[in-house]
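K.L.:
The following block contains the structure, expressed as structure tokens.
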Amino acid sequence: MERKGTHLRLCVHRCTVGLLLRALEERVGWVGQLVLKLVGVAWALATFLVVPVLVTRDVGPIEAVKASADLLRRTWART
């Protein structure tokens, strides 16, 4: 049951960020829209592996996003 609460909190976080980005995109010019699109892509990449992290580790949603971003960074970043 605890994992369901974690998944619910993750959904709330992801939806909130998505709604904020969309609301801001509607209020800014084309440069702001471009910047917010890039932020949205970064957010999508950072949250790409959140579900596997939640399944394999006992962490909350914020820690799962951090772990997901770290996994992508360690896997795809050039050294």
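Going through the structure tokens in order, the chains are called A, B, and so on, while each chain numbers its residues from 1 and the ligands are numbered from 1 in the order shown.
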Could you name the residues that touch range 32-37 of chain A at 12 Å or less, counting only C-alpha atoms, but leaving out those on the same chain fewer than 3 positions away, as a PyMOL selection string?

P.N.:
chain A and resi 17-29+40-44

K.L.:
Quick one: everything within 12 Å of Leu54 in chain A, counting only C-alpha atoms, minus sequence neighbours fewer than 4 positions away in the same chain. Send it as a list in words.

P.N.:
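Here the qualifying residues turn out to be Glu2, Arg3, Lys4, Gly5, Thr6, His7, Leu8, Arg9, Leu10, Thr47, Phe48, Leu49, Val50, Asp58, Val59, Gly60, Pro61, Ile62, Glu63, Ala64, Val65, Lys66, Ala67 and Ser68 of chain A.
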
K.L.:
Let's see if you can do this: from backbone DSSP, list all helix (DSSP H, G or I) residues in chain A, as a PyMOL selection string.

P.N.:
chain A and resi 2-25+30-46+50-56+61-76

K.L.:
So, counting only C-alpha atoms, which residue among A:Leu38, A:Val31, A:Leu45, A:Val51 is closest to Cys11 in chain A?

P.N.:
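The answer is A:Val51, which sits nearest to Cys11 in chain A.
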